[in-house]
file final-v4.cif (mmCIF, C-alpha atoms (C1' of nucleotides))
data_start
loop_
_atom_site.label_atom_id
_atom_site.label_comp_id
_atom_site.auth_asym_id
_atom_site.auth_seq_id
_atom_site.Cartn_x
_atom_site.Cartn_y
_atom_site.Cartn_z
CA MET B 1 -45.06 -3.95 -54.65
CA LEU B 2 -45.60 -7.23 -52.86
CA ILE B 3 -43.71 -10.05 -54.54
CA GLY B 4 -42.14 -13.33 -53.55
CA GLU B 5 -42.89 -16.50 -51.68
CA TYR B 6 -42.21 -17.22 -48.01
CA ILE B 7 -42.85 -20.32 -45.92
CA HIS B 8 -43.77 -19.71 -42.29
CA THR B 9 -45.14 -21.82 -39.48
CA ILE B 10 -48.56 -21.28 -38.02
CA ASP B 11 -48.23 -21.82 -34.28
CA ASP B 12 -50.67 -23.26 -31.74
CA LYS B 13 -52.21 -19.86 -31.22
CA ASN B 14 -52.92 -19.40 -34.94
CA ARG B 15 -50.22 -16.82 -35.36
CA ILE B 16 -48.12 -16.45 -38.50
CA SER B 17 -45.22 -14.12 -39.17
CA LEU B 18 -45.52 -11.74 -42.04
CA PRO B 19 -42.32 -11.72 -44.07
CA ALA B 20 -40.15 -8.84 -42.91
CA LYS B 21 -40.01 -7.48 -46.45
CA PHE B 22 -43.75 -6.87 -46.52
CA ARG B 23 -44.25 -5.23 -43.15
CA LYS B 24 -43.50 -1.68 -44.08
CA GLU B 25 -45.86 -1.73 -47.03
CA LEU B 26 -48.66 -3.49 -45.15
CA GLY B 27 -48.84 -1.19 -42.19
CA LYS B 28 -50.38 -1.99 -38.84
CA LYS B 29 -53.93 -2.93 -39.74
CA ILE B 30 -54.79 -5.34 -42.50
CA ILE B 31 -57.86 -7.09 -43.88
CA ILE B 32 -58.02 -10.83 -44.37
CA THR B 33 -60.70 -12.34 -46.54
CA PRO B 34 -61.45 -15.77 -47.89
CA GLY B 35 -59.74 -15.75 -51.25
CA LEU B 36 -60.38 -17.66 -54.40
CA ASP B 37 -58.84 -21.12 -54.88
CA GLN B 38 -58.36 -22.31 -51.28
CA CYS B 39 -56.33 -19.43 -50.00
CA LEU B 40 -56.78 -16.25 -48.00
CA PHE B 41 -56.37 -12.77 -49.42
CA VAL B 42 -54.65 -10.12 -47.34
CA PHE B 43 -55.10 -6.45 -48.17
CA THR B 44 -53.84 -3.23 -46.70
CA SER B 45 -56.64 -1.02 -45.41
CA LYS B 46 -56.19 1.18 -48.45
CA GLU B 47 -56.32 -1.64 -50.95
CA TRP B 48 -59.36 -3.03 -49.23
CA GLU B 49 -61.23 0.22 -49.69
CA LYS B 50 -60.49 0.12 -53.38
CA VAL B 51 -61.45 -3.50 -53.70
CA SER B 52 -64.70 -3.21 -51.79
CA LYS B 53 -65.65 -0.14 -53.75
CA LYS B 54 -65.10 -1.93 -57.03
CA LEU B 55 -67.02 -4.96 -55.87
CA SER B 56 -70.06 -3.04 -54.78
CA SER B 57 -70.17 -0.75 -57.75
CA SER B 58 -70.25 -3.23 -60.56
CA ALA B 59 -72.60 -1.40 -62.86
CA ASP B 60 -74.98 1.07 -61.26
CA GLU B 61 -77.23 -1.56 -59.84
CA LEU B 62 -77.77 -2.31 -56.24
CA SER B 63 -75.46 -5.16 -55.51
CA PHE B 64 -78.06 -7.14 -53.57
CA LEU B 65 -80.38 -7.50 -56.54
CA SER B 66 -78.29 -10.14 -58.23
CA ALA B 67 -78.24 -13.56 -56.62
CA ASP B 68 -74.71 -14.27 -57.74
CA GLN B 69 -73.53 -10.98 -56.47
CA ARG B 70 -75.21 -11.57 -53.12
CA THR B 71 -73.49 -14.90 -52.75
CA PHE B 72 -70.15 -13.52 -53.72
CA ASN B 73 -70.38 -10.49 -51.49
CA ARG B 74 -71.57 -12.45 -48.49
CA ASN B 75 -68.55 -14.60 -48.91
CA MET B 76 -66.14 -11.74 -49.38
CA PHE B 77 -67.44 -9.31 -46.78
CA GLY B 78 -68.95 -11.69 -44.29
CA GLY B 79 -65.81 -13.72 -44.23
CA ALA B 80 -63.50 -10.77 -43.84
CA ALA B 81 -61.64 -9.82 -40.70
CA GLU B 82 -59.61 -6.81 -39.70
CA VAL B 83 -56.53 -7.85 -37.76
CA GLU B 84 -53.65 -6.01 -36.16
CA VAL B 85 -50.03 -6.81 -36.79
CA ASP B 86 -48.32 -7.36 -33.43
CA SER B 87 -45.11 -5.71 -32.30
CA ILE B 88 -42.88 -8.24 -34.01
CA GLY B 89 -44.78 -8.61 -37.27
CA ARG B 90 -47.20 -11.44 -36.69
CA ILE B 91 -50.91 -11.66 -37.33
CA LEU B 92 -53.58 -13.81 -35.78
CA ILE B 93 -55.67 -15.84 -38.19
CA PRO B 94 -59.27 -16.24 -36.98
CA ASP B 95 -60.40 -19.83 -36.71
CA PHE B 96 -63.11 -19.58 -39.33
CA LEU B 97 -60.64 -18.26 -41.88
CA LYS B 98 -58.09 -20.87 -40.96
CA ASP B 99 -60.69 -23.52 -41.69
CA ARG B 100 -61.68 -21.90 -44.94
CA ALA B 101 -58.22 -22.18 -46.37
CA CYS B 102 -57.55 -25.56 -44.73
CA LEU B 103 -54.48 -24.17 -43.03
CA LYS B 104 -52.41 -26.63 -41.01
CA ASN B 105 -49.04 -26.06 -39.37
CA THR B 106 -47.18 -24.45 -42.23
CA GLY B 107 -48.33 -21.64 -44.45
CA ALA B 108 -47.04 -20.16 -47.67
CA VAL B 109 -47.25 -16.38 -47.85
CA ILE B 110 -47.27 -15.13 -51.41
CA GLY B 111 -46.90 -11.57 -52.63
CA VAL B 112 -49.16 -10.95 -55.61
CA GLN B 113 -48.70 -7.32 -56.63
CA ASP B 114 -50.96 -5.47 -54.24
CA ARG B 115 -52.24 -8.26 -52.06
CA LEU B 116 -50.84 -11.18 -50.13
CA GLU B 117 -52.14 -14.68 -50.28
CA ILE B 118 -51.86 -17.24 -47.51
CA TRP B 119 -51.94 -20.89 -48.48
CA ASP B 120 -51.48 -24.10 -46.61
CA GLU B 121 -48.01 -25.11 -47.69
CA LYS B 122 -48.98 -28.48 -49.11
CA ILE B 123 -51.88 -27.08 -51.09
CA TRP B 124 -49.63 -24.35 -52.43
CA VAL B 125 -47.00 -26.80 -53.58
CA GLU B 126 -49.63 -28.83 -55.39
CA TYR B 127 -51.15 -25.74 -56.93
CA LYS B 128 -47.80 -24.46 -58.12
CA LYS B 129 -47.00 -27.64 -59.97
CA ASN B 130 -50.00 -27.16 -62.20
CA ALA B 131 -49.84 -23.41 -62.33
CA GLU B 132 -46.31 -23.30 -63.72
CA LYS B 133 -47.32 -25.24 -66.78
CA LYS B 134 -50.48 -23.26 -67.28
CA ALA B 135 -48.70 -19.97 -66.84
CA GLU B 136 -46.35 -20.68 -69.72
CA GLY B 137 -49.32 -21.41 -71.89
CA LEU B 138 -50.98 -18.22 -70.75
CA ALA B 139 -47.85 -16.28 -71.58
CA GLU B 140 -48.00 -17.50 -75.16
CA LYS B 141 -51.67 -16.67 -75.31
CA MET B 142 -51.12 -13.17 -73.99
CA SER B 143 -48.26 -12.50 -76.34
CA GLY B 144 -50.56 -13.52 -79.18
CA SER B 145 -53.48 -11.38 -78.10
CA ARG B 146 -51.36 -8.31 -77.41
CA GLU B 147 -52.43 -5.64 -79.90
CA MET Y 1 -27.24 -3.02 -73.56
CA LEU Y 2 -26.68 -6.33 -71.84
CA ILE Y 3 -24.94 -8.84 -74.05
CA GLY Y 4 -22.67 -11.80 -73.61
CA GLU Y 5 -22.39 -15.05 -71.72
CA TYR Y 6 -20.62 -15.62 -68.41
CA ILE Y 7 -20.19 -18.74 -66.32
CA HIS Y 8 -20.14 -18.21 -62.56
CA THR Y 9 -20.35 -20.47 -59.55
CA ILE Y 10 -23.31 -20.47 -57.19
CA ASP Y 11 -21.92 -20.87 -53.69
CA ASP Y 12 -23.35 -22.64 -50.63
CA LYS Y 13 -25.22 -19.52 -49.64
CA ASN Y 14 -26.92 -19.23 -53.03
CA ARG Y 15 -24.87 -16.27 -54.12
CA ILE Y 16 -23.77 -15.63 -57.66
CA SER Y 17 -21.55 -12.87 -59.00
CA LEU Y 18 -22.97 -10.60 -61.62
CA PRO Y 19 -20.48 -10.11 -64.41
CA ALA Y 20 -18.56 -6.90 -63.76
CA LYS Y 21 -19.59 -5.59 -67.15
CA PHE Y 22 -23.26 -5.58 -66.21
CA ARG Y 23 -23.10 -4.00 -62.78
CA LYS Y 24 -23.23 -0.39 -63.73
CA GLU Y 25 -26.23 -0.86 -65.96
CA LEU Y 26 -28.12 -3.04 -63.48
CA GLY Y 27 -27.90 -0.76 -60.48
CA LYS Y 28 -28.28 -1.72 -56.86
CA LYS Y 29 -31.73 -3.28 -56.77
CA ILE Y 30 -32.89 -5.83 -59.27
CA ILE Y 31 -35.86 -8.09 -59.78
CA ILE Y 32 -35.56 -11.80 -60.44
CA THR Y 33 -38.50 -13.72 -61.87
CA PRO Y 34 -39.07 -17.21 -63.15
CA GLY Y 35 -38.47 -16.99 -66.85
CA LEU Y 36 -39.71 -19.17 -69.62
CA ASP Y 37 -37.77 -22.32 -70.56
CA GLN Y 38 -36.12 -23.26 -67.24
CA CYS Y 39 -34.26 -20.06 -66.57
CA LEU Y 40 -34.57 -16.95 -64.45
CA PHE Y 41 -35.10 -13.45 -65.77
CA VAL Y 42 -33.29 -10.56 -64.14
CA PHE Y 43 -34.61 -7.04 -64.61
CA THR Y 44 -33.54 -3.63 -63.42
CA SER Y 45 -36.15 -1.94 -61.24
CA LYS Y 46 -37.02 0.31 -64.16
CA GLU Y 47 -37.46 -2.51 -66.62
CA TRP Y 48 -39.56 -4.37 -64.08
CA GLU Y 49 -41.94 -1.48 -63.68
CA LYS Y 50 -42.49 -1.47 -67.41
CA VAL Y 51 -42.96 -5.21 -67.56
CA SER Y 52 -45.31 -5.47 -64.60
CA LYS Y 53 -47.37 -2.57 -65.81
CA LYS Y 54 -47.89 -4.21 -69.17
CA LEU Y 55 -48.78 -7.51 -67.58
CA SER Y 56 -51.33 -6.14 -65.16
CA SER Y 57 -52.94 -3.74 -67.60
CA SER Y 58 -56.40 -5.26 -67.44
CA ALA Y 59 -57.89 -1.81 -67.09
CA ASP Y 60 -60.15 -1.13 -64.11
CA GLU Y 61 -61.19 -4.67 -63.47
CA LEU Y 62 -60.12 -6.43 -60.33
CA SER Y 63 -57.42 -8.71 -61.56
CA PHE Y 64 -58.35 -11.52 -59.19
CA LEU Y 65 -61.80 -12.06 -60.66
CA SER Y 66 -60.40 -13.90 -63.67
CA ALA Y 67 -59.07 -17.38 -63.01
CA ASP Y 68 -56.45 -17.18 -65.73
CA GLN Y 69 -55.25 -13.87 -64.45
CA ARG Y 70 -54.93 -15.26 -60.96
CA THR Y 71 -52.86 -18.15 -62.17
CA PHE Y 72 -50.64 -15.96 -64.21
CA ASN Y 73 -50.15 -13.32 -61.53
CA ARG Y 74 -49.41 -15.83 -58.82
CA ASN Y 75 -46.76 -17.29 -61.01
CA MET Y 76 -45.27 -14.00 -62.11
CA PHE Y 77 -45.43 -11.95 -58.92
CA GLY Y 78 -45.36 -14.75 -56.40
CA GLY Y 79 -42.37 -16.16 -58.21
CA ALA Y 80 -40.52 -12.87 -58.28
CA ALA Y 81 -38.06 -11.43 -55.79
CA GLU Y 82 -36.43 -8.07 -55.29
CA VAL Y 83 -32.81 -8.52 -54.32
CA GLU Y 84 -29.96 -6.17 -53.53
CA VAL Y 85 -26.60 -6.39 -55.17
CA ASP Y 86 -23.97 -6.63 -52.42
CA SER Y 87 -20.88 -4.45 -52.15
CA ILE Y 88 -18.84 -6.61 -54.48
CA GLY Y 89 -21.47 -7.31 -57.10
CA ARG Y 90 -23.16 -10.51 -56.02
CA ILE Y 91 -26.85 -11.33 -55.64
CA LEU Y 92 -28.61 -13.86 -53.49
CA ILE Y 93 -30.94 -16.23 -55.28
CA PRO Y 94 -33.94 -17.22 -53.12
CA ASP Y 95 -34.39 -20.96 -52.68
CA PHE Y 96 -37.70 -21.11 -54.44
CA LEU Y 97 -36.25 -19.49 -57.54
CA LYS Y 98 -33.18 -21.67 -57.44
CA ASP Y 99 -35.46 -24.69 -57.50
CA ARG Y 100 -37.52 -23.29 -60.31
CA ALA Y 101 -34.58 -23.03 -62.64
CA CYS Y 102 -32.98 -26.24 -61.34
CA LEU Y 103 -29.80 -24.36 -60.53
CA LYS Y 104 -26.91 -26.41 -59.20
CA ASN Y 105 -23.35 -25.26 -58.51
CA THR Y 106 -22.65 -23.42 -61.71
CA GLY Y 107 -24.78 -20.86 -63.47
CA ALA Y 108 -24.68 -19.25 -66.87
CA VAL Y 109 -25.46 -15.55 -66.87
CA ILE Y 110 -26.66 -14.38 -70.25
CA GLY Y 111 -27.19 -10.83 -71.38
CA VAL Y 112 -30.30 -10.56 -73.55
CA GLN Y 113 -30.81 -6.93 -74.54
CA ASP Y 114 -32.51 -5.35 -71.56
CA ARG Y 115 -32.60 -8.31 -69.20
CA LEU Y 116 -30.29 -11.01 -67.91
CA GLU Y 117 -31.03 -14.67 -67.84
CA ILE Y 118 -29.62 -17.13 -65.35
CA TRP Y 119 -29.42 -20.77 -66.36
CA ASP Y 120 -27.99 -23.83 -64.78
CA GLU Y 121 -24.82 -24.31 -66.77
CA LYS Y 122 -25.60 -27.82 -67.94
CA ILE Y 123 -29.11 -26.94 -69.02
CA TRP Y 124 -27.77 -23.91 -70.83
CA VAL Y 125 -25.23 -25.96 -72.75
CA GLU Y 126 -27.92 -28.40 -73.78
CA TYR Y 127 -30.28 -25.64 -74.75
CA LYS Y 128 -27.66 -23.93 -76.84
CA LYS Y 129 -26.97 -27.04 -78.86
CA ASN Y 130 -30.55 -27.19 -80.00
CA ALA Y 131 -31.10 -23.48 -80.22
CA GLU Y 132 -28.27 -22.90 -82.63
CA LYS Y 133 -29.80 -25.21 -85.14
CA LYS Y 134 -33.27 -23.83 -84.67
CA ALA Y 135 -32.18 -20.22 -84.78
CA GLU Y 136 -31.22 -20.45 -88.42
CA GLY Y 137 -34.62 -21.75 -89.34
CA LEU Y 138 -36.35 -19.16 -87.21
CA ALA Y 139 -34.50 -16.36 -88.89
CA GLU Y 140 -36.11 -17.38 -92.15
CA LYS Y 141 -39.51 -17.58 -90.57
CA MET Y 142 -39.25 -14.22 -88.83
CA SER Y 143 -38.04 -12.43 -91.91
CA GLY Y 144 -41.12 -13.71 -93.67
CA SER Y 145 -43.70 -12.81 -91.03
CA ARG Y 146 -42.38 -9.36 -90.15
CA GLU Y 147 -44.89 -6.90 -91.61
"C1'" DT R 1 7.24 -10.42 -62.45
"C1'" DA R 2 4.46 -7.33 -59.87
"C1'" DT R 3 0.08 -5.19 -59.47
"C1'" DC R 4 -4.71 -4.78 -59.94
"C1'" DA R 5 -9.27 -6.28 -60.75
"C1'" DA R 6 -12.65 -9.87 -60.52
"C1'" DG R 7 -14.43 -13.97 -58.44
"C1'" DT R 8 -14.90 -17.11 -54.49
"C1'" DG R 9 -15.26 -18.49 -49.74
"C1'" DG R 10 -16.04 -18.13 -44.83
"C1'" DG R 11 -16.72 -16.04 -40.19
"C1'" DA R 12 -19.22 -12.92 -37.08
"C1'" DA R 13 -22.78 -9.63 -35.86
"C1'" DG R 14 -27.40 -8.75 -36.30
"C1'" DA R 15 -32.09 -9.51 -37.60
"C1'" DA R 16 -35.97 -12.42 -38.17
"C1'" DG R 17 -38.82 -16.32 -36.78
"C1'" DT R 18 -40.63 -19.26 -33.23
"C1'" DG R 19 -42.28 -20.56 -28.82
"C1'" DG R 20 -43.84 -19.90 -24.23
"C1'" DG R 21 -45.26 -17.52 -20.01
"C1'" DA R 22 -47.70 -13.84 -17.53
"C1'" DA R 23 -51.15 -10.37 -17.31
"C1'" DA R 24 -55.57 -8.82 -18.66
"C1'" DT R 25 -60.13 -9.68 -20.25
"C1'" DC R 26 -64.20 -12.21 -20.99
"C1'" DT R 27 -67.43 -15.86 -19.77
"C1'" DT R 28 -70.00 -18.90 -17.03
"C1'" DG R 29 -71.86 -20.77 -12.94
"C1'" DG R 30 -73.07 -20.24 -8.23
"C1'" DC L 1 -73.24 -9.69 -8.35
"C1'" DC L 2 -69.11 -12.01 -7.44
"C1'" DA L 3 -65.72 -15.51 -8.15
"C1'" DA L 4 -63.31 -19.15 -10.73
"C1'" DG L 5 -61.97 -20.75 -15.00
"C1'" DA L 6 -60.87 -20.14 -19.68
"C1'" DT L 7 -59.37 -17.50 -23.40
"C1'" DT L 8 -56.92 -13.85 -25.47
"C1'" DT L 9 -53.28 -10.50 -25.78
"C1'" DC L 10 -49.00 -8.72 -24.86
"C1'" DC L 11 -44.25 -9.20 -24.04
"C1'" DC L 12 -39.90 -11.46 -23.48
"C1'" DA L 13 -36.25 -14.88 -24.62
"C1'" DC L 14 -34.12 -18.28 -27.35
"C1'" DT L 15 -32.53 -20.08 -31.68
"C1'" DT L 16 -31.76 -20.06 -36.36
"C1'" DC L 17 -30.78 -17.95 -40.49
"C1'" DT L 18 -29.40 -14.04 -43.11
"C1'" DT L 19 -26.45 -10.32 -44.23
"C1'" DC L 20 -22.42 -7.83 -44.07
"C1'" DC L 21 -17.65 -7.61 -44.20
"C1'" DC L 22 -13.03 -9.18 -44.81
"C1'" DA L 23 -9.47 -12.13 -46.87
"C1'" DC L 24 -7.72 -15.29 -50.15
"C1'" DT L 25 -7.14 -16.94 -54.96
"C1'" DT L 26 -6.86 -16.58 -59.74
"C1'" DG L 27 -6.11 -14.52 -63.98
"C1'" DA L 28 -5.01 -10.61 -66.78
"C1'" DT L 29 -2.05 -6.65 -67.82
"C1'" DA L 30 1.60 -3.54 -67.84
#

call {"tool": "encode", "arguments": {"input": "final-v4.cif", "output": "structure tokens"}}
result
Amino acid sequence: MLIGEYIHTIDDKNRISLPAKFRKELGKKIIITPGLDQCLFVFTSKEWEKVSKKLSSSADELSFLSADQRTFNRNMFGGAAEVEVDSIGRILIPDFLKDRACLKNTGAVIGVQDRLEIWDEKIWVEYKKNAEKKAEGLAEKMSGSRE
Amino acid sequence: MLIGEYIHTIDDKNRISLPAKFRKELGKKIIITPGLDQCLFVFTSKEWEKVSKKLSSSADELSFLSADQRTFNRNMFGGAAEVEVDSIGRILIPDFLKDRACLKNTGAVIGVQDRLEIWDEKIWVEYKKNAEKKAEGLAEKMSGSRE
DNA sequence: TATCAAGTGGGAAGAAGTGGGAAATCTTGG
DNA sequence: CCAAGATTTCCCACTTCTTCCCACTTGATA
């Protein structure tokens, strides 16, 4: 399982190191997509297959019939990139994805169960401040709604 | 079962000794997560599997489609870390978790049934003062609400 | 008082992260 | 169609940080 938070620099060539702890689980080829909330999602090839299957098969309908679905899928699939992990564990972030997530010199790499997220460090710090408070509230809520 | 309270120092390298009494039960790999109320939770790998399964049990849905779920998962999984217990029973607390719990030089390690909690000593002392008073009242309340 | 176990501290070897240069590939202009 | 420039990719080297191991201290017990 992918867990934890790591701060890494993004160099002039748009490369960022994947935390050593994640490399084995991620494998050699990974998929990067524009995520939700100003970050990038990173999936293993396997996870990506699952995810894309679930996204396309919501209900039995053809996914392109719904306008919302079209928008969402264009974003998710059109913005995705398959990248290779180099010999020492780095990946190259395509320019258009770097822009999407407003990445600058320093990125935060977050393990969230079965995906990674890549944030610009500053945005991540800001986000975390709010999220910590919310998360405690959510915990209460969940404990209440549990059967 | 993990019970009791131990005060240990956190050294310059962010290491803290696990009380000798707990080591056998905890095993070699443990999971640390941000807890509720300014402390860290420490789980055995087994316990963690249970906990994370319950938390992520939103059936077949993609967990990242719900905003609340994203917030919660980022906090829970992104804030977690798997750490190894070294040969003489210490663990290394990652910086980001140390910050979360405002840990300084001295930590309180508390056994709470099937998990440990790690508090900054001062915060723990403060918390205890209040908690002792409250606990008596809560006992009344709980005895009333239990089915 | 001596011995053993537990806790604390620090040094050294190794791994991980970062940066840069060279080779290969692609593109553009002549 | 070829050549020059630019871009990308691959690889190597340096530096920093982590991890492992050993030794000292303290307190408890026989």

call {"tool": "calpha_fit_rmsd", "arguments": {"input": "final-v4.cif", "fixed": "chain B", "moving": "chain Y"}}
result
1.3 Å

call {"tool": "residues_near_point", "arguments": {"input": "final-v4.cif", "point": "(-24.6, -25.6, -71.1)", "cutoff": "12 Å", "atoms": "all atoms listed in the file", "output": "compact mmCIF listing (two decimals) with C-alpha atoms, keeping the file's coordinate frame"}}
result
# COMPACT_ATOMS: atom_id res chain seq x y z
CA GLU Y 5 -22.39 -15.05 -71.72
CA TYR Y 6 -20.62 -15.62 -68.41
CA ILE Y 7 -20.19 -18.74 -66.32
CA LEU Y 103 -29.80 -24.36 -60.53
CA THR Y 106 -22.65 -23.42 -61.71
CA GLY Y 107 -24.78 -20.86 -63.47
CA ALA Y 108 -24.68 -19.25 -66.87
CA VAL Y 109 -25.46 -15.55 -66.87
CA ILE Y 110 -26.66 -14.38 -70.25
CA ILE Y 118 -29.62 -17.13 -65.35
CA TRP Y 119 -29.42 -20.77 -66.36
CA ASP Y 120 -27.99 -23.83 -64.78
CA GLU Y 121 -24.82 -24.31 -66.77
CA LYS Y 122 -25.60 -27.82 -67.94
CA ILE Y 123 -29.11 -26.94 -69.02
CA TRP Y 124 -27.77 -23.91 -70.83
CA VAL Y 125 -25.23 -25.96 -72.75
CA GLU Y 126 -27.92 -28.40 -73.78
CA TYR Y 127 -30.28 -25.64 -74.75
CA LYS Y 128 -27.66 -23.93 -76.84
CA LYS Y 129 -26.97 -27.04 -78.86
CA ASN Y 130 -30.55 -27.19 -80.00
CA ALA Y 131 -31.10 -23.48 -80.22

call {"tool": "closest_atom_pairs", "arguments": {"input": "final-v4.cif", "of": "chain Y", "to": "chain L", "cutoff": "12 Å", "atoms": "only C-alpha atoms (C1' of nucleotides)", "output": "tab-separated table"}}
result
residue	atom	partner	partner_atom	distance
Y:Lys13	CA	L:DT18	C1'	9.5
Y:Asn14	CA	L:DT18	C1'	11.5
Y:Arg15	CA	L:DT19	C1'	11.6
Y:Glu84	CA	L:DT19	C1'	10.8
Y:Val85	CA	L:DT19	C1'	11.6
Y:Asp86	CA	L:DC20	C1'	8.6
Y:Ser87	CA	L:DC20	C1'	8.9
Y:Ile88	CA	L:DC21	C1'	10.4
Y:Ile91	CA	L:DT19	C1'	11.5
Y:Leu92	CA	L:DT19	C1'	10.1
Y:Pro94	CA	L:DT18	C1'	11.4

call {"tool": "interface_residues", "arguments": {"input": "final-v4.cif", "of": "chain Y", "to": "chain R", "cutoff": "12 Å", "atoms": "only C-alpha atoms (C1' of nucleotides)", "output": "CSV table (one decimal) with C-alpha atoms, keeping the file's coordinate frame"}}
result
chain,number,residue,atom,x,y,z
Y,6,TYR,CA,-20.6,-15.6,-68.4
Y,7,ILE,CA,-20.2,-18.7,-66.3
Y,8,HIS,CA,-20.1,-18.2,-62.6
Y,9,THR,CA,-20.4,-20.5,-59.6
Y,10,ILE,CA,-23.3,-20.5,-57.2
Y,11,ASP,CA,-21.9,-20.9,-53.7
Y,12,ASP,CA,-23.4,-22.6,-50.6
Y,13,LYS,CA,-25.2,-19.5,-49.6
Y,15,ARG,CA,-24.9,-16.3,-54.1
Y,16,ILE,CA,-23.8,-15.6,-57.7
Y,17,SER,CA,-21.6,-12.9,-59.0
Y,18,LEU,CA,-23.0,-10.6,-61.6
Y,19,PRO,CA,-20.5,-10.1,-64.4
Y,20,ALA,CA,-18.6,-6.9,-63.8
Y,21,LYS,CA,-19.6,-5.6,-67.2
Y,88,ILE,CA,-18.8,-6.6,-54.5
Y,89,GLY,CA,-21.5,-7.3,-57.1
Y,90,ARG,CA,-23.2,-10.5,-56.0

call {"tool": "atom_distance", "arguments": {"input": "final-v4.cif", "atom1": "CA of Leu97 (chain B)", "atom2": "CA of Pro34 (chain B)"}}
result
6.6 Å

call {"tool": "interface_residues", "arguments": {"input": "final-v4.cif", "of": "chain B", "to": "chain Y", "cutoff": "7 Å", "atoms": "only C-alpha atoms", "output": "ChimeraX atom specification"}}
result
/B:3-5,110-113,131-132,135-136,138

call {"tool": "atom_distance", "arguments": {"input": "final-v4.cif", "atom1": "CA of Leu116 (chain Y)", "atom2": "CA of Val42 (chain Y)"}}
result
4.8 Å

call {"tool": "atom_distance", "arguments": {"input": "final-v4.cif", "atom1": "CA of Ser45 (chain Y)", "atom2": "CA of Ile30 (chain Y)"}}
result
5.4 Å

call {"tool": "closest_residue", "arguments": {"input": "final-v4.cif", "among": "Y:Ser66, Y:Cys102, Y:Leu2, Y:Lys50", "to": "Phe22 (chain Y)", "atoms": "only C-alpha atoms"}}
result
Y:Leu2

call {"tool": "decode", "arguments": {"input": "final-v4.cif", "residues": "region 71-88 of chain Y", "atoms": "C-alpha atoms", "output": "compact mmCIF listing (two decimals), in the first residue's frame"}}
result
# COMPACT_ATOMS: atom_id res chain seq x y z
CA THR Y 71 -9.90 14.74 1.94
CA PHE Y 72 -10.17 11.97 4.44
CA ASN Y 73 -7.96 9.54 2.55
CA ARG Y 74 -5.26 12.08 1.89
CA ASN Y 75 -5.16 12.79 5.56
CA MET Y 76 -5.25 9.19 6.68
CA PHE Y 77 -3.03 7.50 4.11
CA GLY Y 78 -0.88 10.44 3.14
CA GLY Y 79 -0.27 11.07 6.80
CA ALA Y 80 0.67 7.48 7.54
CA ALA Y 81 4.06 5.82 7.49
CA GLU Y 82 5.28 2.26 7.67
CA VAL Y 83 8.36 2.07 9.84
CA GLU Y 84 10.65 -0.72 10.97
CA VAL Y 85 11.57 -1.31 14.55
CA ASP Y 86 15.36 -1.35 14.81
CA SER Y 87 17.42 -4.06 16.47
CA ILE Y 88 17.07 -2.56 19.92
